[in-house]
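Written out below as structure tokens is the structure these notes cover.
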Amino acid sequence: LERELGVEPLPSTRALIDNTLGDQPPNIDSADNTDLDGPLLPLVGREQAFTDLQATWNQVLAGDVRLTIVRGRAGIGKTRLVKTFLNLVGGRKNAAVLAGRCYPLTPVAYQPFPRLLHHLVIDDSRRIEAALAAMRPTTLGHLARLVPDVRTVRRDVPKVEPDPERLRGAVIDLIGRVCETTDDGANMPESAPPVVLFVDDLHHAHRDTLLLLSDLVERLRGLRL
């Protein structure tokens, strides 16, 4: 911090270092249930952006879908800002955080979604098991075109002809059901942990990827996404 930014470390940063060197866990208060704390290691000059993310998160916890765009020039620290936020969301709010990325040289339709959904589909939790069990086999057939692991979870998944509209519907169906299912498999939207989709480098997205994201926001209103 002194060499690159010309600033002194905050007392909380020094305390973290002292605790780490002394083999003591950092003292993190986990009693709050609405607001996110700021990053443990400070993000210089990102206080307002982090506050905006907190405000959006509180709206999601209150029960509605939100889409947030983080904009800025390359290398300014957008990904680090979001990942710091997601570490807190995933670690302290019991949210399902699903991440994918768009690539500049290969603008493929729905590019971030195979990776984004892969770990969700293979999760052996009751929440995912119940969501997949409730879906129609033909819907899972369309989903399997993006996430082949679906066929290892459900043996009754048929092969289907390509249909972009039904494929988008299958993705929305799965994410919507996960948003409505609690960790014990019960269908209770108001009690289900929120779901966070993080798509990095969205400016490289194929048109079909943007269309799917738009459909998600429009069709899953009222869910904690």
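Each chain in the structure tokens gets a letter, A, B, ..., in the order shown, and its residues are numbered from 1; ligands are numbered from 1 in order too.
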Practice item. Enumerate as a list in words all residues of stretch 78-223 of chain A assigned to strand (DSSP E or B) by DSSP on the backbone, naming them with the chain letters and numbers the document uses. Key: Ala96, Val97, Leu98, Ala99, Gly100, Arg101, Thr181, Asn187, Val195, Val196, Leu197, Phe198, Val199 and Asp200 of chain A
So that each row is one residue of stretch 167-190 of chain A with an atom at most 7 Å from stretch 124-141 of chain A, can you give its shortest atom pair and the distance in Å to one decimal, using only C-alpha atoms, rows by chain and rising number, as CSV?
residue,atom,partner,partner_atom,distance
A:Ala170,CA,A:Thr139,CA,5.4
A:Leu174,CA,A:Ala131,CA,6.7
A:Arg177,CA,A:Ala131,CA,5.4
A:Val178,CA,A:Ala131,CA,5.8
A:Thr181,CA,A:Arg127,CA,5.8
A:Thr182,CA,A:Arg127,CA,5.8
A:Asp183,CA,A:Arg127,CA,4.8
A:Asp184,CA,A:Arg126,CA,5.5
A:Gly185,CA,A:Arg127,CA,4.6
Identify, with DSSP run on backbone atoms, the residues in stretch 45-204 of chain A assigned to helix (DSSP H, G or I), and express the list as a PDB file with C-alpha atoms, in the first residue's frame.
ATOM      1  CA  GLU A  47     -16.987   2.760  -1.226  1.00  0.00           C
ATOM      2  CA  GLN A  48     -19.907   4.115  -3.286  1.00  0.00           C
ATOM      3  CA  ALA A  49     -19.884   1.150  -5.694  1.00  0.00           C
ATOM      4  CA  PHE A  50     -19.896  -1.276  -2.766  1.00  0.00           C
ATOM      5  CA  THR A  51     -22.723   0.663  -1.128  1.00  0.00           C
ATOM      6  CA  ASP A  52     -24.735   0.415  -4.354  1.00  0.00           C
ATOM      7  CA  LEU A  53     -24.205  -3.355  -4.462  1.00  0.00           C
ATOM      8  CA  GLN A  54     -25.349  -3.604  -0.842  1.00  0.00           C
ATOM      9  CA  ALA A  55     -28.512  -1.640  -1.620  1.00  0.00           C
ATOM     10  CA  THR A  56     -29.325  -3.898  -4.573  1.00  0.00           C
ATOM     11  CA  TRP A  57     -28.658  -6.983  -2.448  1.00  0.00           C
ATOM     12  CA  ASN A  58     -31.095  -5.767   0.205  1.00  0.00           C
ATOM     13  CA  GLN A  59     -33.767  -5.411  -2.496  1.00  0.00           C
ATOM     14  CA  VAL A  60     -33.145  -9.018  -3.533  1.00  0.00           C
ATOM     15  CA  LEU A  61     -33.406 -10.201   0.070  1.00  0.00           C
ATOM     16  CA  LYS A  78     -14.523  -4.351 -11.688  1.00  0.00           C
ATOM     17  CA  THR A  79     -14.037  -8.101 -11.269  1.00  0.00           C
ATOM     18  CA  ARG A  80     -12.296  -7.729  -7.927  1.00  0.00           C
ATOM     19  CA  LEU A  81     -15.100  -5.489  -6.667  1.00  0.00           C
ATOM     20  CA  VAL A  82     -17.763  -8.023  -7.636  1.00  0.00           C
ATOM     21  CA  LYS A  83     -15.816 -11.031  -6.339  1.00  0.00           C
ATOM     22  CA  THR A  84     -15.263  -9.307  -2.986  1.00  0.00           C
ATOM     23  CA  PHE A  85     -18.990  -8.719  -2.799  1.00  0.00           C
ATOM     24  CA  LEU A  86     -19.806 -12.295  -3.845  1.00  0.00           C
ATOM     25  CA  ASN A  87     -17.440 -13.741  -1.234  1.00  0.00           C
ATOM     26  CA  LEU A  88     -19.517 -12.029   1.418  1.00  0.00           C
ATOM     27  CA  VAL A  89     -22.823 -13.016  -0.185  1.00  0.00           C
ATOM     28  CA  GLY A  90     -21.880 -16.671  -0.626  1.00  0.00           C
ATOM     29  CA  GLY A  91     -20.122 -17.010   2.702  1.00  0.00           C
ATOM     30  CA  ARG A  92     -22.497 -15.179   5.014  1.00  0.00           C
ATOM     31  CA  PHE A 113     -24.297 -20.625 -19.058  1.00  0.00           C
ATOM     32  CA  PRO A 114     -22.734 -24.111 -19.414  1.00  0.00           C
ATOM     33  CA  ARG A 115     -20.112 -23.265 -16.808  1.00  0.00           C
ATOM     34  CA  LEU A 116     -22.567 -21.211 -14.771  1.00  0.00           C
ATOM     35  CA  LEU A 117     -25.027 -24.094 -14.512  1.00  0.00           C
ATOM     36  CA  HIS A 118     -22.571 -27.023 -14.396  1.00  0.00           C
ATOM     37  CA  HIS A 119     -21.833 -26.904 -10.666  1.00  0.00           C
ATOM     38  CA  LEU A 120     -25.492 -26.255  -9.930  1.00  0.00           C
ATOM     39  CA  VAL A 121     -26.655 -29.369 -11.787  1.00  0.00           C
ATOM     40  CA  ARG A 126     -31.780 -31.605  -1.608  1.00  0.00           C
ATOM     41  CA  ARG A 127     -32.456 -28.182  -3.079  1.00  0.00           C
ATOM     42  CA  ILE A 128     -31.080 -29.066  -6.524  1.00  0.00           C
ATOM     43  CA  GLU A 129     -32.399 -32.628  -6.410  1.00  0.00           C
ATOM     44  CA  ALA A 130     -35.929 -31.367  -5.794  1.00  0.00           C
ATOM     45  CA  ALA A 131     -35.681 -28.703  -8.521  1.00  0.00           C
ATOM     46  CA  LEU A 132     -34.473 -31.194 -11.157  1.00  0.00           C
ATOM     47  CA  ALA A 133     -36.990 -33.846 -10.102  1.00  0.00           C
ATOM     48  CA  PRO A 137     -38.056 -34.737 -19.129  1.00  0.00           C
ATOM     49  CA  THR A 138     -38.382 -32.810 -22.416  1.00  0.00           C
ATOM     50  CA  THR A 139     -37.458 -29.571 -20.647  1.00  0.00           C
ATOM     51  CA  LEU A 140     -34.387 -31.295 -19.241  1.00  0.00           C
ATOM     52  CA  GLY A 141     -33.622 -32.512 -22.751  1.00  0.00           C
ATOM     53  CA  HIS A 142     -33.289 -28.917 -23.930  1.00  0.00           C
ATOM     54  CA  LEU A 143     -31.274 -28.022 -20.827  1.00  0.00           C
ATOM     55  CA  VAL A 150     -28.242 -33.350 -16.606  1.00  0.00           C
ATOM     56  CA  ARG A 151     -28.243 -36.846 -18.121  1.00  0.00           C
ATOM     57  CA  THR A 152     -26.189 -38.199 -15.220  1.00  0.00           C
ATOM     58  CA  VAL A 153     -28.754 -36.877 -12.741  1.00  0.00           C
ATOM     59  CA  PRO A 164     -33.562 -21.720 -28.951  1.00  0.00           C
ATOM     60  CA  GLU A 165     -36.814 -20.583 -27.348  1.00  0.00           C
ATOM     61  CA  ARG A 166     -37.318 -23.850 -25.461  1.00  0.00           C
ATOM     62  CA  LEU A 167     -33.665 -23.913 -24.457  1.00  0.00           C
ATOM     63  CA  ARG A 168     -34.022 -20.460 -22.903  1.00  0.00           C
ATOM     64  CA  GLY A 169     -37.218 -21.638 -21.229  1.00  0.00           C
ATOM     65  CA  ALA A 170     -35.414 -24.670 -19.768  1.00  0.00           C
ATOM     66  CA  VAL A 171     -32.684 -22.494 -18.228  1.00  0.00           C
ATOM     67  CA  ILE A 172     -35.277 -20.136 -16.777  1.00  0.00           C
ATOM     68  CA  ASP A 173     -37.305 -23.088 -15.457  1.00  0.00           C
ATOM     69  CA  LEU A 174     -34.298 -24.538 -13.611  1.00  0.00           C
ATOM     70  CA  ILE A 175     -33.114 -21.248 -12.103  1.00  0.00           C
ATOM     71  CA  GLY A 176     -36.675 -20.318 -11.149  1.00  0.00           C
ATOM     72  CA  ARG A 177     -37.228 -23.632  -9.371  1.00  0.00           C
ATOM     73  CA  VAL A 178     -33.934 -23.269  -7.500  1.00  0.00           C
ATOM     74  CA  CYS A 179     -35.023 -19.784  -6.420  1.00  0.00           C
ATOM     75  CA  GLU A 180     -38.224 -21.295  -5.002  1.00  0.00           C
ATOM     76  CA  LEU A 202     -20.638  -9.153 -20.390  1.00  0.00           C
ATOM     77  CA  HIS A 203     -19.663  -6.619 -23.072  1.00  0.00           C
ATOM     78  CA  HIS A 204     -18.393  -9.597 -25.122  1.00  0.00           C
TER      79      HIS A 204
END
